[in-house]
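As structure tokens, the structure follows; a few thoughts come after it.
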Amino acid sequence: MNDITQGLLAALRLIVTFDAELWEISLRSLQVSLTAVIIASAVAMPFGAFLAVQRFKYRRLVISIMNALMGLPPVVVGLVFYILLSRSGPFGVFGLLFTPWAMIIVQIVIISPIIASISHQAMRELWAEYHDLLISLNTSKWQRIKTLIWDGKRNLLTAGLAGFGRAIGEVGAIMIVGGNIEHATRVLTTAIALETGKGDFALALGLGFVLIGLALFVNISIHWLSRTEREGRW
Amino acid sequence: MIRKLISATFLFVANMAQADTLKLAVTTSFENSGLADVLLPEIEADLEIDLQLLVVGTGQALRLGAAGDVDAILVHSRASEEAFVADGLGTHRREIMYNDFVLIGPKSDKAQIGATSGAAESLQKIAVAQATYVSRGDDSGTHKAELKVWQIAERAPATFGSWYNAVGAGMGAALNTASALNAYILSDRASWLNFKNKGDLALLFSGDPVLFNQYAYLPVNPAKHPTVQYEMAMQLEEWLLSDKSAALINNYQINGETLFVFNGQQ
Amino acid sequence: MFPLTLSNVCVRRREKSILGPLDLVVDQEGPTMVIGPNGSGKTTLLRVMHGIERISEGTAEWAQPDHANHAYVFQSPVVLRRTVAENLSYPLFLIKRPKPEINTAVEYWIERIGLGKVANRSATRLSGGERQKLAIARALIRDPEVLFLDEPCSNLDGQSTREIETLLLETAAAGTRIIMATHDMGQARRLAADVIFMKSGRIAETGLAPDVFHAPETSELKAFLKGDILE
């Protein structure tokens, strides 16, 4: 328990003194994860909606695979992308390895299945509700997807936040493709891993509390923003 | 939403400008020593480059060098380094400095490794007593040094029982495990001095020349990977061999103890 | 558009025949009330006519196909998870009508169905009667040529039922072809110009309302009108 108290104190100290490095890595954590969530959502959410409204031959199989991919081990994703992005690899020429974009890419791959799966679930339920009406109104596939996404936006938000939670806590994959380089690719989670490895548990815990606080802050802000938007809509 | 996209794009663009960036893979032992924090600002000021350190195990450092993902490596595993150069992956090997390994263990020291004639004898005693031992087990420079001492002691780790724990992790993580298990472990002195979770462990044995740990600098061969920053890597090598560097290295201390001895040939 | 001709239509689900075989010609007159015991296939028939039910055999063809101009009101009102006003504007928004036109239409219909006070309330918070009126207004907002209704008043109170029937009679008078299923015989008598009586997935009898109600031909219809339970 003493370690935890030390950790809380360390966290407070870092925040109150506006520790420069803390701000830097926290900001980078947010940038990387938010970018990943936005891009992943842009792809995964319409995909989830599409899966709900379009019948095709291997639909059930695709849904099963999508759900199974949620269990994709992040560190394996990191390793695969290291090989792909390495100078000796097929995409080395883009020079993405050991940059924040490599971290964003692996996070996109890791969180897309979760976002897609939760989105699909929400879209499926909503489609069951709207099905007869939208067909009766002679809507096109694309109109249906847009309507489902718009009317289901609260649940889609949940999907996005689930993806964000997974992304901001990710460490294995981004360690491999990011390299945890100080002032370049170090984020909160990799810094925690580093300090833990050095045996400095108090600092590691402190960073951990900051990370938790950050994740909570983002979640609460999003919910607050969306609730005050329009009364009685949710 | 738009703002986020813009900041993300900015991130992207900012990272495309990698012209003056030098990527150096170093080992966890080197990073843990804290010497990097002393040298880095001086290097960046004097050479006006952005030096990015990737802190990985020796094996991974060599792998990154072989793939051309870093411009140079600083490791401490002579045999692997020579093979690296022999295979044409690095242009040459330049010794910079050495520190030493120390044997750490529980203060009670049941195996009594403290007062022996050499490192090999100490490890012998551990094996005989079957005292809990933690090994890096990750093919790092430290791990290879440990295996060398076992060899001198004519013992094969492959035959050891469950008292021998190969954790497959960096120095810090291995020390954490040793602290938790109250076990013996071979560590580089710097990592030990900087380690903040010592628990019941203490430094029990040191000083045997076989425990000396040579660091060398190897630039990646531009013939193999034309994209590496060879000129910058050579500038860094020159700096590392300079008088200024020698002074910084020789004067670096933790708790009043010097750790490294500069032995670069200028 | 008219007539709509159903030839030898059969609808099967999982090997079981739920409709047909039946033949029917629907012309421009109306309103038509579709009556019959539960499970007789009323809903299926309406869905076939509207084109949202897959036919296993036979054909259902309009003289001039123009599906965009039909509307359908479901037994259980389906509302979008949006405001009342947005529900009404949705069908017009789908066909890309200009904003001013949409606003005018929405204002008109909101007043017509008496939901002016709750225009900006979420539709999911309306009562059953209000929802059904919303659904009908939404169906009528595109000025359809044909309006199908599947037992729209089955779960509503007297006042809502009366309001809806008035609305439907006005709509029919304005030229919209109404085809409606109901199990309320009083409603059938009040609204019907002609009647289709169904039993066991087949059309048992058709005819003009006065004829059918006062002088039913088949024994099943006689029994049904008397109030007997039909097997």
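Chain labels A, B, ... are given in the sequence in which chains occur in the structure tokens; within each chain residues are numbered consecutively from 1, and ligands are likewise numbered from 1 in the order shown.
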Taking only C-alpha atoms into account, what are the residues of chain A at most 10 Å from chain C, put as a PyMOL selection string? chain A and resi 126+129-140+143+147-148+150-152+231-234
Deliver the residues from the most recent selection as a file, using N, CA and C atoms, as a PDB file, in the first residue's frame.
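To be explicit, this is the file written out as selection.pdb:
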```
ATOM      1  N   LEU A 126     -30.577  -1.602 -34.152  1.00  0.00           N
ATOM      2  CA  LEU A 126     -31.324  -0.485 -34.726  1.00  0.00           C
ATOM      3  C   LEU A 126     -31.949  -0.879 -36.063  1.00  0.00           C
ATOM      4  N   GLU A 129     -35.109  -2.598 -35.719  1.00  0.00           N
ATOM      5  CA  GLU A 129     -36.194  -1.657 -35.441  1.00  0.00           C
ATOM      6  C   GLU A 129     -36.658  -0.925 -36.691  1.00  0.00           C
ATOM      7  N   TYR A 130     -35.714  -0.515 -37.510  1.00  0.00           N
ATOM      8  CA  TYR A 130     -36.017   0.364 -38.647  1.00  0.00           C
ATOM      9  C   TYR A 130     -36.285  -0.386 -39.943  1.00  0.00           C
ATOM     10  N   HIS A 131     -36.019  -1.645 -39.919  1.00  0.00           N
ATOM     11  CA  HIS A 131     -35.980  -2.442 -41.142  1.00  0.00           C
ATOM     12  C   HIS A 131     -37.188  -2.204 -42.052  1.00  0.00           C
ATOM     13  N   ASP A 132     -38.388  -2.515 -41.525  1.00  0.00           N
ATOM     14  CA  ASP A 132     -39.575  -2.402 -42.359  1.00  0.00           C
ATOM     15  C   ASP A 132     -39.773  -0.992 -42.876  1.00  0.00           C
ATOM     16  N   LEU A 133     -39.584  -0.030 -41.979  1.00  0.00           N
ATOM     17  CA  LEU A 133     -39.830   1.358 -42.369  1.00  0.00           C
ATOM     18  C   LEU A 133     -38.896   1.808 -43.481  1.00  0.00           C
ATOM     19  N   LEU A 134     -37.613   1.532 -43.323  1.00  0.00           N
ATOM     20  CA  LEU A 134     -36.652   2.021 -44.310  1.00  0.00           C
ATOM     21  C   LEU A 134     -36.824   1.335 -45.656  1.00  0.00           C
ATOM     22  N   ILE A 135     -37.230   0.060 -45.619  1.00  0.00           N
ATOM     23  CA  ILE A 135     -37.458  -0.617 -46.895  1.00  0.00           C
ATOM     24  C   ILE A 135     -38.718  -0.063 -47.541  1.00  0.00           C
ATOM     25  N   SER A 136     -39.719   0.164 -46.712  1.00  0.00           N
ATOM     26  CA  SER A 136     -40.970   0.707 -47.222  1.00  0.00           C
ATOM     27  C   SER A 136     -40.755   2.077 -47.863  1.00  0.00           C
ATOM     28  N   LEU A 137     -39.837   2.857 -47.292  1.00  0.00           N
ATOM     29  CA  LEU A 137     -39.579   4.190 -47.835  1.00  0.00           C
ATOM     30  C   LEU A 137     -38.646   4.160 -49.039  1.00  0.00           C
ATOM     31  N   ASN A 138     -38.292   2.965 -49.464  1.00  0.00           N
ATOM     32  CA  ASN A 138     -37.490   2.836 -50.683  1.00  0.00           C
ATOM     33  C   ASN A 138     -36.115   3.496 -50.589  1.00  0.00           C
ATOM     34  N   THR A 139     -35.483   3.318 -49.436  1.00  0.00           N
ATOM     35  CA  THR A 139     -34.166   3.932 -49.257  1.00  0.00           C
ATOM     36  C   THR A 139     -33.083   3.116 -49.954  1.00  0.00           C
ATOM     37  N   SER A 140     -32.005   3.790 -50.324  1.00  0.00           N
ATOM     38  CA  SER A 140     -30.872   3.081 -50.907  1.00  0.00           C
ATOM     39  C   SER A 140     -30.029   2.517 -49.782  1.00  0.00           C
ATOM     40  N   GLN A 143     -28.248   5.257 -47.996  1.00  0.00           N
ATOM     41  CA  GLN A 143     -29.125   6.059 -47.144  1.00  0.00           C
ATOM     42  C   GLN A 143     -29.412   5.322 -45.840  1.00  0.00           C
ATOM     43  N   THR A 147     -28.515   6.692 -42.124  1.00  0.00           N
ATOM     44  CA  THR A 147     -29.576   6.863 -41.117  1.00  0.00           C
ATOM     45  C   THR A 147     -29.253   6.071 -39.853  1.00  0.00           C
ATOM     46  N   LEU A 148     -28.792   4.834 -40.034  1.00  0.00           N
ATOM     47  CA  LEU A 148     -28.462   4.019 -38.864  1.00  0.00           C
ATOM     48  C   LEU A 148     -27.335   4.652 -38.057  1.00  0.00           C
ATOM     49  N   TRP A 150     -26.465   7.784 -37.937  1.00  0.00           N
ATOM     50  CA  TRP A 150     -26.895   9.027 -37.276  1.00  0.00           C
ATOM     51  C   TRP A 150     -27.788   8.733 -36.077  1.00  0.00           C
ATOM     52  N   ASP A 151     -28.764   7.866 -36.259  1.00  0.00           N
ATOM     53  CA  ASP A 151     -29.673   7.583 -35.155  1.00  0.00           C
ATOM     54  C   ASP A 151     -29.033   6.721 -34.073  1.00  0.00           C
ATOM     55  N   GLY A 152     -27.984   6.010 -34.433  1.00  0.00           N
ATOM     56  CA  GLY A 152     -27.325   5.158 -33.442  1.00  0.00           C
ATOM     57  C   GLY A 152     -26.083   5.801 -32.872  1.00  0.00           C
ATOM     58  N   GLU A 231     -31.361  18.550 -25.345  1.00  0.00           N
ATOM     59  CA  GLU A 231     -32.134  18.009 -24.229  1.00  0.00           C
ATOM     60  C   GLU A 231     -33.071  16.914 -24.693  1.00  0.00           C
ATOM     61  N   GLY A 232     -33.169  15.903 -23.890  1.00  0.00           N
ATOM     62  CA  GLY A 232     -34.201  14.902 -24.139  1.00  0.00           C
ATOM     63  C   GLY A 232     -34.064  14.135 -25.442  1.00  0.00           C
ATOM     64  N   ARG A 233     -32.861  14.073 -25.955  1.00  0.00           N
ATOM     65  CA  ARG A 233     -32.704  13.347 -27.208  1.00  0.00           C
ATOM     66  C   ARG A 233     -32.144  11.962 -26.991  1.00  0.00           C
ATOM     67  N   TRP A 234     -31.541  11.759 -25.818  1.00  0.00           N
ATOM     68  CA  TRP A 234     -30.818  10.517 -25.611  1.00  0.00           C
ATOM     69  C   TRP A 234     -31.619   9.644 -24.686  1.00  0.00           C
TER      70      TRP A 234
END
```
Thr190 (chain A) environment, 9 Å, only C-alpha atoms, sequence neighbours closer than 2 positions dropped, as a list in words: Glu170, Val171, Gly172, Ile174, Met175, Gly179, Asn180, Thr185, Arg186, Val187, Leu188, Ile192, Ala193, Leu194 and Glu195 of chain A
Which parts of region 28-198 of chain A does DSSP call helix (DSSP H, G or I) when run on the backbone here, written out as a PyMOL selection string? chain A and resi 28-53+59-71+74-85+92-94+100-136+141-151+153-168+172-178+188-197
Please, which residues of chain B lie no more than 6 Å from chain A when the count uses only C-alpha atoms, and can they be set out as a ChimeraX atom specification? /B:53-54,67-69,172-173,195-197
Quick one, how far is CA of Gln235 (chain B) from CA of Ala102 (chain A)? 28.2 Å
Give me, as JSON, numbers by chain, the residues of region 56-207 of chain C that a backbone DSSP run labels strand (DSSP E). {"C": [57, 58, 59, 60, 61, 62, 70, 71, 72, 73, 146, 147, 148, 149, 150, 177, 178, 179, 180, 181, 194, 195, 196, 197, 198, 199, 202, 203, 204, 205, 206, 207]}
I want to know what sits within 12 Å of Thr177 (chain B), based on only C-alpha atoms, with residues of the same chain fewer than 4 positions away left out; could you give that as number ranges by chain? A: 196-199; B: 105, 132-136, 165-173, 181-185, 197-199, 201
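The two atoms in question, CA of Ser154 (chain C) and CA of Gly128 (chain C), are spaced 10.3 Å apart.
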Expressed in Å to a single decimal, how great is the separation between CA of Ile63 (chain A) and CA of Pro113 (chain A)?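 The value is 10.0 Å.
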Among the residues C:Gly129, C:Asp143, C:Glu53, C:Lys199, the one that comes closest to Ile229 (chain C) [using only C-alpha atoms]: C:Lys199
Interface rows for region 141-192 of chain C against region 211-216 of chain C: nearest pair, Å to one decimal, 12 Å, only C-alpha atoms, as CSV:
```
residue,atom,partner,partner_atom,distance
C:Met185,CA,C:Phe213,CA,9.8
C:Gly186,CA,C:Phe213,CA,10.9
C:Ala188,CA,C:Phe213,CA,9.6
C:Arg189,CA,C:Phe213,CA,7.7
C:Arg190,CA,C:Phe213,CA,11.3
C:Ala192,CA,C:Phe213,CA,10.1
```
Using only C-alpha atoms, which residues sit within 7 Å of region 28-39 of chain C once same-chain residues fewer than 6 positions away are excluded, as an MDAnalysis selection string? chainID C and resid 2:3 172 177:183 188 191:200 230
Could you write out that same residue set with N, CA and C atoms as a PDB file, in the first residue's frame?
```pdb
ATOM      1  N   PHE C   2     -52.633   2.124 -61.841  1.00  0.00           N
ATOM      2  CA  PHE C   2     -53.589   1.032 -61.643  1.00  0.00           C
ATOM      3  C   PHE C   2     -53.922   0.372 -62.983  1.00  0.00           C
ATOM      4  N   PRO C   3     -54.394  -0.812 -63.012  1.00  0.00           N
ATOM      5  CA  PRO C   3     -54.662  -1.658 -61.852  1.00  0.00           C
ATOM      6  C   PRO C   3     -53.449  -2.454 -61.386  1.00  0.00           C
ATOM      7  N   ALA C 172     -58.748   9.957 -48.260  1.00  0.00           N
ATOM      8  CA  ALA C 172     -59.358   9.226 -49.369  1.00  0.00           C
ATOM      9  C   ALA C 172     -60.119  10.183 -50.274  1.00  0.00           C
ATOM     10  N   ARG C 177     -55.471   6.437 -52.683  1.00  0.00           N
ATOM     11  CA  ARG C 177     -56.060   5.096 -52.670  1.00  0.00           C
ATOM     12  C   ARG C 177     -55.690   4.441 -51.357  1.00  0.00           C
ATOM     13  N   ILE C 178     -56.721   4.070 -50.582  1.00  0.00           N
ATOM     14  CA  ILE C 178     -56.440   3.479 -49.279  1.00  0.00           C
ATOM     15  C   ILE C 178     -56.774   2.000 -49.272  1.00  0.00           C
ATOM     16  N   ILE C 179     -55.814   1.204 -48.820  1.00  0.00           N
ATOM     17  CA  ILE C 179     -56.047  -0.227 -48.645  1.00  0.00           C
ATOM     18  C   ILE C 179     -55.650  -0.552 -47.218  1.00  0.00           C
ATOM     19  N   MET C 180     -56.590  -1.015 -46.432  1.00  0.00           N
ATOM     20  CA  MET C 180     -56.345  -1.108 -44.999  1.00  0.00           C
ATOM     21  C   MET C 180     -56.837  -2.417 -44.429  1.00  0.00           C
ATOM     22  N   ALA C 181     -56.036  -3.015 -43.572  1.00  0.00           N
ATOM     23  CA  ALA C 181     -56.461  -4.223 -42.873  1.00  0.00           C
ATOM     24  C   ALA C 181     -56.996  -3.825 -41.513  1.00  0.00           C
ATOM     25  N   THR C 182     -58.058  -4.483 -41.084  1.00  0.00           N
ATOM     26  CA  THR C 182     -58.596  -4.180 -39.757  1.00  0.00           C
ATOM     27  C   THR C 182     -59.283  -5.391 -39.187  1.00  0.00           C
ATOM     28  N   HIS C 183     -59.325  -5.478 -37.865  1.00  0.00           N
ATOM     29  CA  HIS C 183     -60.129  -6.536 -37.260  1.00  0.00           C
ATOM     30  C   HIS C 183     -61.296  -5.923 -36.506  1.00  0.00           C
ATOM     31  N   ALA C 188     -64.461  -1.258 -40.130  1.00  0.00           N
ATOM     32  CA  ALA C 188     -64.613  -1.700 -41.517  1.00  0.00           C
ATOM     33  C   ALA C 188     -65.888  -1.115 -42.117  1.00  0.00           C
ATOM     34  N   LEU C 191     -65.543   2.730 -42.801  1.00  0.00           N
ATOM     35  CA  LEU C 191     -64.605   3.260 -43.794  1.00  0.00           C
ATOM     36  C   LEU C 191     -64.717   2.616 -45.176  1.00  0.00           C
ATOM     37  N   ALA C 192     -65.252   1.387 -45.243  1.00  0.00           N
ATOM     38  CA  ALA C 192     -65.086   0.640 -46.491  1.00  0.00           C
ATOM     39  C   ALA C 192     -65.967   1.131 -47.630  1.00  0.00           C
ATOM     40  N   ALA C 193     -65.343   1.171 -48.815  1.00  0.00           N
ATOM     41  CA  ALA C 193     -66.126   1.281 -50.044  1.00  0.00           C
ATOM     42  C   ALA C 193     -66.254  -0.118 -50.615  1.00  0.00           C
ATOM     43  N   ASP C 194     -65.145  -0.892 -50.539  1.00  0.00           N
ATOM     44  CA  ASP C 194     -65.241  -2.304 -50.883  1.00  0.00           C
ATOM     45  C   ASP C 194     -64.415  -3.122 -49.895  1.00  0.00           C
ATOM     46  N   VAL C 195     -64.666  -4.420 -49.913  1.00  0.00           N
ATOM     47  CA  VAL C 195     -64.127  -5.298 -48.875  1.00  0.00           C
ATOM     48  C   VAL C 195     -63.447  -6.505 -49.477  1.00  0.00           C
ATOM     49  N   ILE C 196     -62.348  -6.917 -48.886  1.00  0.00           N
ATOM     50  CA  ILE C 196     -61.732  -8.203 -49.202  1.00  0.00           C
ATOM     51  C   ILE C 196     -61.763  -9.027 -47.929  1.00  0.00           C
ATOM     52  N   PHE C 197     -62.365 -10.204 -47.980  1.00  0.00           N
ATOM     53  CA  PHE C 197     -62.441 -11.068 -46.805  1.00  0.00           C
ATOM     54  C   PHE C 197     -61.497 -12.235 -46.995  1.00  0.00           C
ATOM     55  N   MET C 198     -60.624 -12.424 -46.014  1.00  0.00           N
ATOM     56  CA  MET C 198     -59.621 -13.471 -46.148  1.00  0.00           C
ATOM     57  C   MET C 198     -59.804 -14.548 -45.102  1.00  0.00           C
ATOM     58  N   LYS C 199     -59.433 -15.749 -45.493  1.00  0.00           N
ATOM     59  CA  LYS C 199     -59.435 -16.852 -44.544  1.00  0.00           C
ATOM     60  C   LYS C 199     -58.381 -17.862 -44.946  1.00  0.00           C
ATOM     61  N   SER C 200     -57.555 -18.233 -43.963  1.00  0.00           N
ATOM     62  CA  SER C 200     -56.527 -19.252 -44.186  1.00  0.00           C
ATOM     63  C   SER C 200     -55.632 -18.926 -45.369  1.00  0.00           C
ATOM     64  N   LEU C 230     -63.691 -18.487 -36.464  1.00  0.00           N
ATOM     65  CA  LEU C 230     -63.459 -19.360 -37.612  1.00  0.00           C
ATOM     66  C   LEU C 230     -62.200 -20.190 -37.391  1.00  0.00           C
TER      67      LEU C 230
END
```
Would you mind listing what lies within 12 Å of Gly213 (chain A) as a count of residues only, with only C-alpha atoms counted and same-chain residues fewer than 5 positions away left out? 15
